[in-house]
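Here is the structure we will look at.
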Amino acid sequence: AAKRAGKNQYQFFTQLMQQEIKDRISLTRDLRSAIDHDELHLVYQPIYRLHDFALIKAEALIRWEHPTRGSIPPSVFIPIAEESGFIIELGKWIFDQVLHDLSNINPISLQGMQIGLNISPVQFAHPQHLLAFIKRLERSNIPCERFCFEITEGLLLEPSKTTEDTLQMVRRSGIKLSIDDFGTGYSALGYLKKYQIDYVKIDKSFIKNLEVDNYDFILCRSIIQMAHELNMELIAEGVENAQQENILKVMNCDYIQGFLHGRPGLFSALFEPTLAPRSHQKLATKH
Ligand code: C2E
Ligand code: MG
Ligand code: MG
Ligand code: MG
């Protein structure tokens, strides 16, 4: 009977796996048509400077409303896009969309602000569209400094020649660089010395229990101190309560991002539209 149960279980798992593969294939196919069917949009999450709560950055995050499955999180479809190579097409769409969103706001409200864009390692390996974006910015009236590429530690671990060259090109353009999800990767800290990184984003897994977990407390404090000594600024992501915020403030963290002060939302909720200008100061200050 045990053998029988084992076999049943085996069949059960094979079926599960087959279902999963089918799902992936259909998602891959659906994703390819999502752009033409207008199912994608970007939301922007505010990032505030801790000492005065000025709105300093906004991170662009992609959303997919699937016609039958409802909203599918990027943690599910970005890996699929990376594996299928569609991430290049998607990356182009994101650049277009960001510039479109920017064209609808009063440039004054963008002064001193940065837009964070998540860039996949696959995009660095096929960089033509990254370079085209830089060229486009250089021809426009939006300075490259207004953008920050969020990259992950994995990209810098064993970069190919193409990736290295692209990173150099991005740096030379004036686009800023953040290390996203810091602490979850390889902790091969040598890359911090090799590449000029502007910002370190402490992963939300270290913030989640910051107020109760002594290990997280020590890790955060050490990351902040190290990054400051290396002339980088710190962003804590996933800040959900005031206790976490207070601890980060005492630790001298520079910026916070999280549900406590702002969920990802429409661009127009963060910035003034081109028409109907309001006071800039009012928007830039949170409290
Ligand atoms: P990420 O770049 O680390 O983005 C931060 C994620 O944390 C976002 O999830 C955001 O909604 C979430 N978050 C922010 N504050 C809080 C908080 O207080 N609590 C909790 N629990 N979560 C918070 P999201 O939008 O689901 O994105 C997940 C990941 O998908 C991103 O992680 C990024 O790696 C990837 N991603 C999202 N948009 C893009 C994109 O346009 N291009 C690429 N290549 N990747 C993207
Ligand atoms: Mg990010
Ligand atoms: Mg992050
Ligand atoms: Mg993350």
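Residues in the structure tokens are numbered from 1 in each chain, the chains being A, B, ... in the order shown, and ligands are numbered from 1 in the order shown.
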Write down as a ChimeraX atom specification the residues of range 35-206 of chain A whose backbone DSSP state falls under helix (DSSP H, G or I). /A:74-84,87-103,107-110,121-125,128-139,144-146,153-157,161-173,190-194,204-206
Write as a list in words the residues around ligand 4, taking 8 Å as the cut-off and counting only C-alpha atoms and all ligand atoms. Asp180, Asp181, Asp203, Lys204 and Glu237 of chain A
Could you write those residues out with C-alpha atoms, as a short mmCIF file (atom, residue, chain, number, x, y, z; two decimals), in the first residue's frame?
```cif
data_model
loop_
_atom_site.label_atom_id
_atom_site.label_comp_id
_atom_site.auth_asym_id
_atom_site.auth_seq_id
_atom_site.Cartn_x
_atom_site.Cartn_y
_atom_site.Cartn_z
CA ASP A 180 18.71 46.69 -5.14
CA ASP A 181 17.82 43.97 -2.62
CA ASP A 203 16.31 44.59 1.17
CA LYS A 204 12.94 44.55 2.88
CA GLU A 237 12.77 49.39 1.45
#
```
Taking only residues of chain A that have an atom at most 12 Å from an atom of ligand 2, what is each one's shortest atom pair and its distance in Å to one decimal, using only C-alpha atoms and all ligand atoms, in chain and number order, as a tab-separated table?
```
residue	atom	partner	partner_atom_place_in_ligand_line	distance
A:Tyr44	CA	ligand 2	1 (Mg)	10.9
A:Gln45	CA	ligand 2	1 (Mg)	10.0
A:Pro46	CA	ligand 2	1 (Mg)	11.9
A:Ile47	CA	ligand 2	1 (Mg)	11.4
A:Lys57	CA	ligand 2	1 (Mg)	11.8
A:Ala58	CA	ligand 2	1 (Mg)	10.2
A:Glu59	CA	ligand 2	1 (Mg)	6.8
A:Ala60	CA	ligand 2	1 (Mg)	8.0
A:Leu61	CA	ligand 2	1 (Mg)	7.7
A:Ile62	CA	ligand 2	1 (Mg)	10.6
A:Pro74	CA	ligand 2	1 (Mg)	11.2
A:Ser75	CA	ligand 2	1 (Mg)	11.4
A:Ile115	CA	ligand 2	1 (Mg)	10.9
A:Gly116	CA	ligand 2	1 (Mg)	7.3
A:Leu117	CA	ligand 2	1 (Mg)	6.9
A:Asn118	CA	ligand 2	1 (Mg)	5.1
A:Ile119	CA	ligand 2	1 (Mg)	8.4
A:Ser120	CA	ligand 2	1 (Mg)	10.1
A:Cys148	CA	ligand 2	1 (Mg)	10.0
A:Phe149	CA	ligand 2	1 (Mg)	8.6
A:Glu150	CA	ligand 2	1 (Mg)	5.5
A:Ile151	CA	ligand 2	1 (Mg)	7.6
A:Thr152	CA	ligand 2	1 (Mg)	8.7
A:Leu177	CA	ligand 2	1 (Mg)	11.1
A:Ser178	CA	ligand 2	1 (Mg)	8.5
A:Ile179	CA	ligand 2	1 (Mg)	8.5
A:Asp180	CA	ligand 2	1 (Mg)	5.5
A:Asp181	CA	ligand 2	1 (Mg)	7.3
A:Phe182	CA	ligand 2	1 (Mg)	10.3
A:Tyr199	CA	ligand 2	1 (Mg)	11.5
A:Val200	CA	ligand 2	1 (Mg)	10.7
A:Lys201	CA	ligand 2	1 (Mg)	8.1
A:Ile202	CA	ligand 2	1 (Mg)	10.4
A:Asp203	CA	ligand 2	1 (Mg)	9.4
A:Lys204	CA	ligand 2	1 (Mg)	10.7
A:Ile235	CA	ligand 2	1 (Mg)	10.6
A:Ala236	CA	ligand 2	1 (Mg)	11.1
A:Glu237	CA	ligand 2	1 (Mg)	8.9
A:Gly238	CA	ligand 2	1 (Mg)	11.0
A:Gln257	CA	ligand 2	1 (Mg)	10.4
A:Gly258	CA	ligand 2	1 (Mg)	11.8
A:Pro264	CA	ligand 2	1 (Mg)	11.8
```
Filtering to N, CA and C atoms, could you give me those residues as a compact mmCIF listing (two decimals), in the first residue's frame?
```txt
# COMPACT_ATOMS: atom_id res chain seq x y z
N TYR A 44 4.20 54.08 -9.42
CA TYR A 44 5.41 54.72 -8.88
C TYR A 44 5.29 54.77 -7.36
N GLN A 45 6.34 54.32 -6.68
CA GLN A 45 6.32 54.36 -5.22
C GLN A 45 7.26 55.45 -4.71
N PRO A 46 6.76 56.32 -3.84
CA PRO A 46 7.59 57.43 -3.36
C PRO A 46 8.71 56.96 -2.42
N ILE A 47 9.82 57.66 -2.48
CA ILE A 47 10.95 57.44 -1.57
C ILE A 47 11.26 58.78 -0.91
N LYS A 57 12.66 60.64 -4.57
CA LYS A 57 12.68 59.67 -5.66
C LYS A 57 11.33 59.00 -5.78
N ALA A 58 11.15 58.35 -6.93
CA ALA A 58 10.01 57.47 -7.11
C ALA A 58 10.49 56.26 -7.90
N GLU A 59 10.14 55.08 -7.41
CA GLU A 59 10.54 53.87 -8.13
C GLU A 59 9.40 53.40 -9.03
N ALA A 60 9.72 53.20 -10.30
CA ALA A 60 8.72 52.69 -11.24
C ALA A 60 8.60 51.18 -11.07
N LEU A 61 7.37 50.69 -10.93
CA LEU A 61 7.13 49.26 -10.76
C LEU A 61 6.05 48.83 -11.75
N ILE A 62 6.31 47.75 -12.46
CA ILE A 62 5.38 47.37 -13.53
C ILE A 62 4.21 46.54 -12.99
N PRO A 74 4.83 41.16 -10.60
CA PRO A 74 6.09 41.13 -11.37
C PRO A 74 7.04 40.03 -10.92
N SER A 75 6.96 39.63 -9.64
CA SER A 75 7.84 38.55 -9.17
C SER A 75 7.52 37.26 -9.92
N ILE A 115 13.90 59.26 -10.81
CA ILE A 115 13.02 58.14 -11.10
C ILE A 115 13.87 56.87 -11.10
N GLY A 116 13.50 55.91 -10.26
CA GLY A 116 14.22 54.63 -10.20
C GLY A 116 13.62 53.63 -11.17
N LEU A 117 14.48 52.99 -11.98
CA LEU A 117 14.02 51.98 -12.92
C LEU A 117 14.74 50.66 -12.64
N ASN A 118 13.98 49.60 -12.51
CA ASN A 118 14.60 48.29 -12.31
C ASN A 118 15.10 47.76 -13.64
N ILE A 119 16.37 47.41 -13.70
CA ILE A 119 16.94 46.91 -14.95
C ILE A 119 17.46 45.49 -14.70
N SER A 120 16.97 44.57 -15.54
CA SER A 120 17.35 43.17 -15.39
C SER A 120 18.76 42.93 -15.96
N CYS A 148 17.74 56.71 -12.12
CA CYS A 148 18.60 55.82 -11.36
C CYS A 148 18.28 54.39 -11.79
N PHE A 149 19.27 53.65 -12.22
CA PHE A 149 19.05 52.25 -12.57
C PHE A 149 19.24 51.39 -11.34
N GLU A 150 18.23 50.60 -11.01
CA GLU A 150 18.34 49.68 -9.87
C GLU A 150 18.81 48.33 -10.40
N ILE A 151 20.01 47.93 -9.96
CA ILE A 151 20.58 46.66 -10.43
C ILE A 151 20.79 45.75 -9.21
N THR A 152 21.01 44.49 -9.46
CA THR A 152 21.20 43.57 -8.33
C THR A 152 22.65 43.10 -8.26
N LEU A 177 23.29 54.82 -10.11
CA LEU A 177 23.16 53.38 -9.92
C LEU A 177 22.82 53.04 -8.47
N SER A 178 21.83 52.17 -8.30
CA SER A 178 21.51 51.62 -6.97
C SER A 178 21.77 50.13 -6.97
N ILE A 179 22.19 49.60 -5.83
CA ILE A 179 22.18 48.15 -5.64
C ILE A 179 20.87 47.81 -4.94
N ASP A 180 20.03 47.06 -5.66
CA ASP A 180 18.71 46.69 -5.14
C ASP A 180 18.84 45.41 -4.31
N ASP A 181 17.88 45.21 -3.41
CA ASP A 181 17.82 43.97 -2.62
C ASP A 181 19.14 43.67 -1.93
N PHE A 182 19.83 44.72 -1.48
CA PHE A 182 21.16 44.52 -0.92
C PHE A 182 21.12 43.57 0.27
N TYR A 199 23.79 54.40 -4.57
CA TYR A 199 22.85 54.05 -3.50
C TYR A 199 22.84 52.56 -3.23
N VAL A 200 22.63 52.23 -1.96
CA VAL A 200 22.42 50.85 -1.57
C VAL A 200 21.00 50.75 -1.04
N LYS A 201 20.23 49.83 -1.57
CA LYS A 201 18.86 49.63 -1.07
C LYS A 201 18.83 48.38 -0.20
N ILE A 202 18.66 48.59 1.09
CA ILE A 202 18.62 47.46 2.02
C ILE A 202 17.33 46.67 1.76
N ASP A 203 17.47 45.40 1.53
CA ASP A 203 16.31 44.59 1.17
C ASP A 203 15.28 44.57 2.29
N LYS A 204 14.01 44.47 1.88
CA LYS A 204 12.94 44.55 2.88
C LYS A 204 12.94 43.37 3.85
N ILE A 235 19.02 53.48 1.16
CA ILE A 235 17.55 53.50 1.08
C ILE A 235 17.06 52.22 1.75
N ALA A 236 16.16 52.35 2.71
CA ALA A 236 15.57 51.15 3.31
C ALA A 236 14.25 50.90 2.62
N GLU A 237 14.05 49.68 2.11
CA GLU A 237 12.77 49.39 1.45
C GLU A 237 11.89 48.55 2.37
N GLY A 238 10.60 48.62 2.15
CA GLY A 238 9.66 47.82 2.94
C GLY A 238 9.43 48.35 4.34
N GLN A 257 11.49 53.86 1.87
CA GLN A 257 10.46 53.51 0.89
C GLN A 257 9.62 52.43 1.55
N GLY A 258 8.33 52.55 1.48
CA GLY A 258 7.52 51.48 2.09
C GLY A 258 6.09 51.89 2.28
N PRO A 264 2.80 51.96 -4.02
CA PRO A 264 2.96 52.31 -5.43
C PRO A 264 1.63 52.81 -5.98
```
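The nearest approach to ligand 3 among the residues A:Cys144, A:His228, A:Arg172, A:Glu153, with only C-alpha atoms and all ligand atoms taken into account, belongs to A:Glu153.
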Spatial neighbours of range 34-39 of chain A, 12 Å, only C-alpha atoms, chain gap at least 5 places, as a PyMOL selection string: chain A and resi 27-29+62-72+77+81+86-87+89-94+96-97
Can I get the selection written as a tab-separated table (two decimals), in the first residue's frame, with C-alpha atoms?
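As written to disk, part.tsv reads:
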```
chain	number	residue	atom	x	y	z
A	27	LEU	CA	1.86	33.08	-19.47
A	28	THR	CA	4.82	33.55	-21.79
A	29	ARG	CA	2.44	33.69	-24.74
A	62	ILE	CA	5.38	47.37	-13.53
A	63	ARG	CA	1.85	45.97	-13.24
A	64	TRP	CA	0.05	43.45	-15.42
A	65	GLU	CA	-3.74	43.12	-15.47
A	66	HIS	CA	-4.33	39.77	-17.15
A	67	PRO	CA	-7.75	39.65	-18.87
A	68	THR	CA	-8.80	36.38	-17.21
A	69	ARG	CA	-6.35	35.78	-14.34
A	70	GLY	CA	-6.48	39.27	-12.92
A	71	SER	CA	-3.39	41.03	-11.69
A	72	ILE	CA	-0.16	39.00	-11.93
A	77	PHE	CA	6.22	37.43	-14.83
A	81	ALA	CA	10.16	37.58	-19.40
A	86	PHE	CA	10.91	39.18	-23.88
A	87	ILE	CA	12.39	41.38	-21.15
A	89	GLU	CA	10.82	44.25	-25.52
A	90	LEU	CA	9.36	44.92	-22.08
A	91	GLY	CA	12.34	47.09	-21.16
A	92	LYS	CA	11.77	49.21	-24.27
A	93	TRP	CA	8.10	49.56	-23.37
A	94	ILE	CA	9.02	50.65	-19.83
A	96	ASP	CA	8.70	54.61	-23.54
A	97	GLN	CA	6.09	54.59	-20.81
```
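Neighbouring residues of Leu130 in chain A at 9 Å or closer, counting only C-alpha atoms and skipping chain neighbours under 4 positions away, are Gly91, Lys92, Phe95, Gln123, Phe124, His126, Ile134, Lys135, Thr166 and Val170 of chain A.
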Env of range 101-103 of chain A: 12 Å cut, atoms = only C-alpha atoms, seq-sep filter 6 positions within chain, self excluded. Answer as a PyMOL selection string. chain A and resi 41-44+58+60+94-95+109-110+113-115+137+140-142+146-147+266-275
DSSP strand (DSSP E) residues within range 143-226 of chain A, listed as number ranges by chain: A: 147-152, 176-182, 199-202
Selected residues written out, C-alpha atoms, as a PDB file, in the first residue's frame:
```
ATOM      1  CA  PHE A 147      17.213  58.557 -13.547  1.00  0.00           C
ATOM      2  CA  CYS A 148      18.604  55.815 -11.365  1.00  0.00           C
ATOM      3  CA  PHE A 149      19.047  52.250 -12.574  1.00  0.00           C
ATOM      4  CA  GLU A 150      18.338  49.677  -9.874  1.00  0.00           C
ATOM      5  CA  ILE A 151      20.576  46.658 -10.427  1.00  0.00           C
ATOM      6  CA  THR A 152      21.201  43.568  -8.327  1.00  0.00           C
ATOM      7  CA  LYS A 176      22.745  56.960 -11.095  1.00  0.00           C
ATOM      8  CA  LEU A 177      23.159  53.379  -9.919  1.00  0.00           C
ATOM      9  CA  SER A 178      21.514  51.623  -6.974  1.00  0.00           C
ATOM     10  CA  ILE A 179      22.181  48.150  -5.636  1.00  0.00           C
ATOM     11  CA  ASP A 180      18.709  46.690  -5.136  1.00  0.00           C
ATOM     12  CA  ASP A 181      17.819  43.967  -2.624  1.00  0.00           C
ATOM     13  CA  PHE A 182      21.158  44.524  -0.923  1.00  0.00           C
ATOM     14  CA  TYR A 199      22.848  54.055  -3.499  1.00  0.00           C
ATOM     15  CA  VAL A 200      22.420  50.847  -1.569  1.00  0.00           C
ATOM     16  CA  LYS A 201      18.860  49.629  -1.072  1.00  0.00           C
ATOM     17  CA  ILE A 202      18.615  47.460   2.021  1.00  0.00           C
TER      18      ILE A 202
END
```
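Comparing the minimum interatomic distances between Glu164 in chain A and each of A:Val250, A:Ile197, A:Ala125, A:Pro143, counting only C-alpha atoms, we find that A:Ala125 sits nearest.
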Met251 in chain A surroundings by only C-alpha atoms, 12 Å radius, close-in-sequence under 2 positions cut, as an mmCIF file with C-alpha atoms, in the first residue's frame:
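What landed in around20.cif:
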```cif
data_model
loop_
_atom_site.group_PDB
_atom_site.id
_atom_site.type_symbol
_atom_site.label_atom_id
_atom_site.label_comp_id
_atom_site.auth_asym_id
_atom_site.auth_seq_id
_atom_site.Cartn_x
_atom_site.Cartn_y
_atom_site.Cartn_z
ATOM 1 C CA LEU A 50 14.338 60.694 6.361
ATOM 2 C CA HIS A 51 15.549 63.908 7.958
ATOM 3 C CA LEU A 210 13.820 45.247 12.492
ATOM 4 C CA PHE A 217 19.180 45.415 13.862
ATOM 5 C CA ILE A 218 22.900 44.717 13.837
ATOM 6 C CA LEU A 219 22.959 43.891 10.112
ATOM 7 C CA CYS A 220 21.141 47.097 9.169
ATOM 8 C CA ARG A 221 23.328 49.230 11.395
ATOM 9 C CA SER A 222 26.473 47.676 9.915
ATOM 10 C CA ILE A 223 25.295 47.995 6.307
ATOM 11 C CA ILE A 224 24.461 51.669 6.872
ATOM 12 C CA GLN A 225 27.786 52.429 8.504
ATOM 13 C CA MET A 226 29.757 50.608 5.828
ATOM 14 C CA HIS A 228 28.347 55.707 4.470
ATOM 15 C CA LEU A 234 21.154 54.236 1.934
ATOM 16 C CA ILE A 235 17.553 53.500 1.076
ATOM 17 C CA ALA A 236 15.570 51.154 3.314
ATOM 18 C CA GLN A 244 11.098 50.740 11.946
ATOM 19 C CA GLU A 245 11.266 54.300 10.706
ATOM 20 C CA ASN A 246 12.506 55.593 14.058
ATOM 21 C CA ILE A 247 15.200 52.944 14.306
ATOM 22 C CA LEU A 248 16.383 53.748 10.772
ATOM 23 C CA LYS A 249 16.443 57.432 11.633
ATOM 24 C CA CYS A 253 19.629 55.893 7.123
ATOM 25 C CA ASP A 254 19.171 58.441 4.322
ATOM 26 C CA TYR A 255 15.907 57.456 2.609
#
```
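Minimum atom-to-atom distances from A:Met17, A:Ile105, A:Ile175, A:Val122 to Glu138 in chain A were compared using only C-alpha atoms, and the lowest value belongs to A:Ile175.
Interatomic distance, CA of Pro73 in chain A against atom 18 (O, counted along the ligand's line) of ligand 1: 15.5 Å.
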Tell me which protein, DNA and RNA residues are within 12 Å of range 20-24 of chain A, counting only C-alpha atoms, leaving out same-chain ones fewer than 6 positions away, and put them as a list in words. Phe13, Thr14, Asp30, Leu31, Arg69, Val76, Phe77, Ile78, Pro79, Ile80, Ala81, Glu83 and Ser84 of chain A
Mind dumping the selected residues with C-alpha atoms as a PDB file, in the first residue's frame?
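Contents of the output file result15.pdb:
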```
ATOM      1  CA  PHE A  13       3.617  15.745  -8.500  1.00  0.00           C
ATOM      2  CA  THR A  14       4.221  15.010 -12.178  1.00  0.00           C
ATOM      3  CA  ASP A  30      -0.005  36.030 -22.973  1.00  0.00           C
ATOM      4  CA  LEU A  31       2.801  38.339 -21.897  1.00  0.00           C
ATOM      5  CA  ARG A  69      -6.345  35.779 -14.344  1.00  0.00           C
ATOM      6  CA  VAL A  76       5.979  35.972 -11.321  1.00  0.00           C
ATOM      7  CA  PHE A  77       6.218  37.426 -14.825  1.00  0.00           C
ATOM      8  CA  ILE A  78       9.594  39.221 -14.779  1.00  0.00           C
ATOM      9  CA  PRO A  79      11.483  35.887 -14.455  1.00  0.00           C
ATOM     10  CA  ILE A  80       9.359  34.515 -17.319  1.00  0.00           C
ATOM     11  CA  ALA A  81      10.163  37.582 -19.400  1.00  0.00           C
ATOM     12  CA  GLU A  83      13.913  33.473 -19.607  1.00  0.00           C
ATOM     13  CA  SER A  84      12.023  34.038 -22.844  1.00  0.00           C
TER      14      SER A  84
END
```
Rounded to one decimal in Å, what is the spacing between atom 36 (N, counted along the ligand's line) of ligand 1 and CA of Pro121 in chain A? 12.2 Å
Using Å and a single decimal, report how far CA of Arg263 in chain A sits from atom 27 (O, counted along the ligand's line) of ligand 1. 11.6 Å
